[in-house]
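Enquirer: Structure provided below as structure tokens; questions to follow.
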Amino acid sequence: MTEPYPNAPLVMVAAEIRFPELPHNRLRACTEQLKDEFRPILPLYDVVNHTKVEFVAGGGQSRHEVFTFPRFKTRDSTMALVINPTSLVIETTRYTGYEDLRPTLEAVIRSVSEILGPDGLNRIGLRYIDEIRVPNISAHPGDWSGYIDEHLLAAVDDKFLPDGLLPHSWVGRVQYKTGNASMLTLHYGPMDGYAVGPASDGAKRRDVPPPGPFFLLDSDSAWSAEDIVPEFTTDVAMTILDEIHAPVSAIFHAACTDSLRMTVFSKPAKRAKR
């Protein structure tokens, strides 16, 4: 875990728990019980519509089927939970540290275990999306040297580029093995606008900056069941979440220079930590 930053660039954290498909109609039958269970932490309820399109063999007309899934939110909509027959997803845009988010994750997982009783754990993921904005970088793609570690900027380094090539846009993707059944996928590069827009249908962003150039760090740390699908229990899920959180913190710390931390992240703003 890195130190607290007054002006952290983190804009979204999402946790996803996938499980074998629930029996037909179990989720719908348990919705009222879930509403009562989540009311202390996620009191607002609505539904998410998902349209499934099937194409009829022989070139006939396609068939559309609409499914509705329960969604629970905080009163300021900065945290949202969606449950469907194969997964639960928690998003938050107001993140004050993993140790603060962890009790909510644990409470949600325990409730889903007790009320819905999934048959096992297929995949658990944690995703962190950072929009790193530097005041003196006002045009895309920008010069990020001195702010982002040089290893992530190797493809646009003057010492690498042949004459006549000027970086216009680029994005990197790398996967790191972090355990026997876990992987960290990092997407990175200069972007313009937003990685998570203000009009997102899920958790809402507050105090949104004007659109402009930023450097994306999108870290997806995940565990997947391999030969054995473990039971869906709170203890097993939380142990896995704790294990896959550590690489996200480590890669963020490695990607950001001391200069970035001191001159940008340390400016007075809302207190946040990873």
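Residues in the structure tokens are numbered from 1 in each chain, the chains being A, B, ... in the order shown, and ligands are numbered from 1 in the order shown.
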I need the helix (DSSP H, G or I) residues of segment 1-206 of chain A per DSSP on the backbone, written as a ChimeraX atom specification.
Expert: /A:26-29,31-38,98-115,150-156
Enquirer: For the residues in that selection, give me C-alpha atoms as a CSV table (one decimal), in the first residue's frame.
Expert:
```
chain,number,residue,atom,x,y,z
A,26,ARG,CA,-33.5,-17.4,-7.8
A,27,LEU,CA,-32.2,-13.8,-8.1
A,28,ARG,CA,-35.6,-12.4,-8.8
A,29,ALA,CA,-37.2,-14.3,-5.9
A,31,THR,CA,-34.5,-9.4,-4.6
A,32,GLU,CA,-36.6,-8.1,-1.6
A,33,GLN,CA,-34.4,-9.9,0.8
A,34,LEU,CA,-31.3,-8.4,-0.8
A,35,LYS,CA,-32.9,-4.9,-0.6
A,36,ASP,CA,-33.4,-5.4,3.1
A,37,GLU,CA,-29.9,-6.7,3.6
A,38,PHE,CA,-28.1,-3.9,1.7
A,98,TYR,CA,-8.5,-0.7,0.4
A,99,GLU,CA,-8.8,-1.0,4.2
A,100,ASP,CA,-11.9,1.2,4.0
A,101,LEU,CA,-13.5,-0.6,1.1
A,102,ARG,CA,-12.8,-4.1,2.4
A,103,PRO,CA,-15.6,-4.2,5.0
A,104,THR,CA,-18.2,-3.3,2.3
A,105,LEU,CA,-16.8,-6.0,0.0
A,106,GLU,CA,-16.9,-8.5,2.8
A,107,ALA,CA,-20.5,-7.6,3.8
A,108,VAL,CA,-21.7,-7.9,0.2
A,109,ILE,CA,-20.0,-11.2,-0.4
A,110,ARG,CA,-21.4,-12.6,2.8
A,111,SER,CA,-25.0,-11.5,2.0
A,112,VAL,CA,-24.8,-13.0,-1.5
A,113,SER,CA,-23.4,-16.2,-0.1
A,114,GLU,CA,-26.2,-16.6,2.5
A,115,ILE,CA,-29.1,-15.4,0.4
A,150,GLU,CA,10.9,5.8,-18.2
A,151,HIS,CA,10.3,2.0,-18.7
A,152,LEU,CA,6.6,2.8,-19.6
A,153,LEU,CA,7.7,5.5,-22.0
A,154,ALA,CA,10.3,3.5,-23.9
A,155,ALA,CA,8.3,3.3,-27.2
A,156,VAL,CA,8.4,7.1,-27.5
```
Enquirer: Got a sec: who's within 8 Å of segment 124-138 of chain A, counting only C-alpha atoms, leaving out chain neighbours fewer than 5 positions off, as a VMD selection string?
Expert: chain A and resid 9 to 18 143 194 to 195 212 to 224 237 240 to 241 244 to 245 248 264
Enquirer: In Å to one decimal, how far is atom CA of Ser266 of chain A from atom CA of Ala8 of chain A?
Expert: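 These atoms are spaced 8.0 Å apart.
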Enquirer: What is the distance between atom CA of Ser87 of chain A and atom CA of Gly117 of chain A, in Å to one decimal?
Expert: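 Going from atom CA of Ser87 of chain A over to atom CA of Gly117 of chain A covers 12.1 Å.
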Enquirer: Could you tell me which of A:Val66, A:Leu42, A:Ile228, A:Ala80 comes closest to Ala203 of chain A if we count only C-alpha atoms?
Expert: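 Looking only at the distances to Ala203 of chain A, the closest residue turns out to be A:Ala80.
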Enquirer: Kindly indicate which residue among A:Phe160, A:Tyr95, A:Tyr188, A:Tyr45 lies nearest to Phe72 of chain A, using only C-alpha atoms for the distances.
Expert: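 Closest candidate: A:Tyr45.
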Enquirer: Applying 12 Å and only C-alpha atoms, which residues near Lys73 of chain A remain after dropping the ones on its own chain fewer than 4 positions away? List them as a PyMOL selection string.
Expert: chain A and resi 35+38-47+77-83+89-93+201-204
Enquirer: Could you check which of A:Asp242, A:Asp163, A:Asp149, A:Asp157 is closest to Ala254 of chain A, using only C-alpha atoms?
Expert: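 For Ala254 of chain A, the nearest of the given residues is A:Asp149.
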Enquirer: Take atom CA of Met183 of chain A and atom CA of Glu243 of chain A and report the distance between them in Å, one decimal.
Expert: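 Between these atoms lies a distance of 11.1 Å.
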Enquirer: Can you list, as a VMD selection string, all residues belonging to segment 130-234 of chain A that DSSP tags as strand (DSSP E or B)?
Expert: chain A and resid 130 to 132 145 148 172 to 177 182 to 193 212 to 224
Enquirer: Just the selected residues (N, CA, C and O atoms), exported as a compact mmCIF listing (two decimals), in the first residue's frame, please.
Expert:
```txt
# COMPACT_ATOMS: atom_id res chain seq x y z
N ASP A 130 -6.76 4.93 -13.07
CA ASP A 130 -6.18 6.21 -12.71
C ASP A 130 -6.13 7.12 -13.94
O ASP A 130 -5.73 6.70 -15.03
N GLU A 131 -6.55 8.37 -13.75
CA GLU A 131 -6.36 9.43 -14.75
C GLU A 131 -5.33 10.40 -14.16
O GLU A 131 -5.66 11.23 -13.31
N ILE A 132 -4.10 10.30 -14.61
CA ILE A 132 -3.03 11.16 -14.09
C ILE A 132 -2.99 12.44 -14.93
O ILE A 132 -2.72 12.40 -16.13
N SER A 145 7.73 12.42 -19.58
CA SER A 145 9.02 12.12 -18.97
C SER A 145 9.18 12.93 -17.69
O SER A 145 8.81 14.10 -17.62
N ILE A 148 6.10 9.84 -15.40
CA ILE A 148 5.86 8.40 -15.52
C ILE A 148 7.22 7.71 -15.68
O ILE A 148 8.10 8.22 -16.38
N GLY A 172 -0.21 1.01 -24.24
CA GLY A 172 0.51 -0.23 -23.97
C GLY A 172 -0.35 -1.20 -23.18
O GLY A 172 -1.27 -0.80 -22.45
N ARG A 173 -0.04 -2.48 -23.34
CA ARG A 173 -0.74 -3.53 -22.60
C ARG A 173 0.27 -4.61 -22.25
O ARG A 173 1.00 -5.09 -23.11
N VAL A 174 0.29 -4.97 -20.98
CA VAL A 174 1.20 -6.03 -20.54
C VAL A 174 0.50 -6.84 -19.46
O VAL A 174 -0.28 -6.30 -18.67
N GLN A 175 0.73 -8.15 -19.48
CA GLN A 175 0.19 -9.04 -18.47
C GLN A 175 1.33 -9.61 -17.64
O GLN A 175 2.34 -10.04 -18.17
N TYR A 176 1.13 -9.60 -16.32
CA TYR A 176 2.11 -10.12 -15.39
C TYR A 176 1.50 -11.29 -14.63
O TYR A 176 0.39 -11.19 -14.10
N LYS A 177 2.23 -12.38 -14.56
CA LYS A 177 1.81 -13.50 -13.73
C LYS A 177 2.10 -13.15 -12.28
O LYS A 177 3.23 -12.81 -11.93
N SER A 182 -3.34 -16.35 -10.78
CA SER A 182 -3.67 -14.93 -10.83
C SER A 182 -2.79 -14.18 -11.82
O SER A 182 -1.65 -14.57 -12.10
N MET A 183 -3.33 -13.08 -12.34
CA MET A 183 -2.69 -12.29 -13.37
C MET A 183 -3.02 -10.82 -13.16
O MET A 183 -4.13 -10.47 -12.75
N LEU A 184 -2.04 -9.96 -13.45
CA LEU A 184 -2.27 -8.51 -13.45
C LEU A 184 -2.13 -8.01 -14.88
O LEU A 184 -1.10 -8.20 -15.52
N THR A 185 -3.19 -7.38 -15.39
CA THR A 185 -3.16 -6.80 -16.73
C THR A 185 -3.13 -5.29 -16.59
O THR A 185 -4.00 -4.70 -15.94
N LEU A 186 -2.12 -4.67 -17.20
CA LEU A 186 -1.97 -3.21 -17.13
C LEU A 186 -2.11 -2.61 -18.52
O LEU A 186 -1.41 -2.99 -19.45
N HIS A 187 -3.05 -1.68 -18.66
CA HIS A 187 -3.16 -0.84 -19.85
C HIS A 187 -2.65 0.55 -19.47
O HIS A 187 -3.00 1.07 -18.40
N TYR A 188 -1.84 1.15 -20.32
CA TYR A 188 -1.27 2.45 -19.97
C TYR A 188 -1.00 3.26 -21.24
O TYR A 188 -0.83 2.71 -22.33
N GLY A 189 -0.96 4.58 -21.07
CA GLY A 189 -0.66 5.45 -22.19
C GLY A 189 -1.39 6.78 -22.08
O GLY A 189 -2.31 6.93 -21.27
N PRO A 190 -0.98 7.77 -22.90
CA PRO A 190 -1.63 9.08 -22.87
C PRO A 190 -3.00 9.04 -23.54
O PRO A 190 -3.17 8.44 -24.59
N MET A 191 -3.95 9.68 -22.91
CA MET A 191 -5.32 9.74 -23.42
C MET A 191 -5.80 11.19 -23.37
O MET A 191 -5.13 12.07 -22.85
N ASP A 192 -7.00 11.40 -23.90
CA ASP A 192 -7.61 12.73 -23.86
C ASP A 192 -9.07 12.58 -23.47
O ASP A 192 -9.75 11.66 -23.93
N GLY A 193 -9.55 13.46 -22.62
CA GLY A 193 -10.95 13.40 -22.19
C GLY A 193 -11.07 12.72 -20.84
O GLY A 193 -10.60 13.23 -19.84
N GLY A 212 -9.42 16.77 -20.79
CA GLY A 212 -8.10 17.18 -21.24
C GLY A 212 -7.16 16.00 -21.24
O GLY A 212 -7.56 14.86 -20.99
N PRO A 213 -5.88 16.22 -21.52
CA PRO A 213 -4.92 15.12 -21.60
C PRO A 213 -4.64 14.52 -20.23
O PRO A 213 -4.56 15.23 -19.23
N PHE A 214 -4.51 13.21 -20.20
CA PHE A 214 -4.14 12.51 -18.97
C PHE A 214 -3.38 11.24 -19.34
O PHE A 214 -3.42 10.79 -20.50
N PHE A 215 -2.68 10.69 -18.38
CA PHE A 215 -1.99 9.42 -18.58
C PHE A 215 -2.79 8.34 -17.87
O PHE A 215 -3.09 8.44 -16.69
N LEU A 216 -3.16 7.31 -18.62
CA LEU A 216 -3.98 6.22 -18.10
C LEU A 216 -3.13 5.14 -17.46
O LEU A 216 -2.15 4.67 -18.05
N LEU A 217 -3.51 4.75 -16.26
CA LEU A 217 -3.05 3.51 -15.65
C LEU A 217 -4.30 2.71 -15.31
O LEU A 217 -5.06 3.10 -14.43
N ASP A 218 -4.53 1.63 -16.03
CA ASP A 218 -5.73 0.80 -15.86
C ASP A 218 -5.24 -0.58 -15.46
O ASP A 218 -4.75 -1.35 -16.29
N SER A 219 -5.35 -0.89 -14.17
CA SER A 219 -4.81 -2.14 -13.64
C SER A 219 -5.94 -3.10 -13.28
O SER A 219 -6.82 -2.77 -12.51
N ASP A 220 -5.89 -4.30 -13.87
CA ASP A 220 -6.90 -5.33 -13.61
C ASP A 220 -6.18 -6.54 -13.04
O ASP A 220 -5.50 -7.27 -13.75
N SER A 221 -6.33 -6.73 -11.74
CA SER A 221 -5.70 -7.86 -11.06
C SER A 221 -6.76 -8.91 -10.81
O SER A 221 -7.81 -8.62 -10.21
N ALA A 222 -6.51 -10.15 -11.26
CA ALA A 222 -7.58 -11.15 -11.22
C ALA A 222 -7.04 -12.54 -10.90
O ALA A 222 -5.93 -12.90 -11.27
N TRP A 223 -7.88 -13.28 -10.22
CA TRP A 223 -7.68 -14.71 -9.96
C TRP A 223 -8.76 -15.49 -10.70
O TRP A 223 -9.92 -15.06 -10.75
N SER A 224 -8.39 -16.64 -11.28
CA SER A 224 -9.36 -17.48 -11.97
C SER A 224 -9.21 -18.92 -11.50
O SER A 224 -8.09 -19.43 -11.35
```
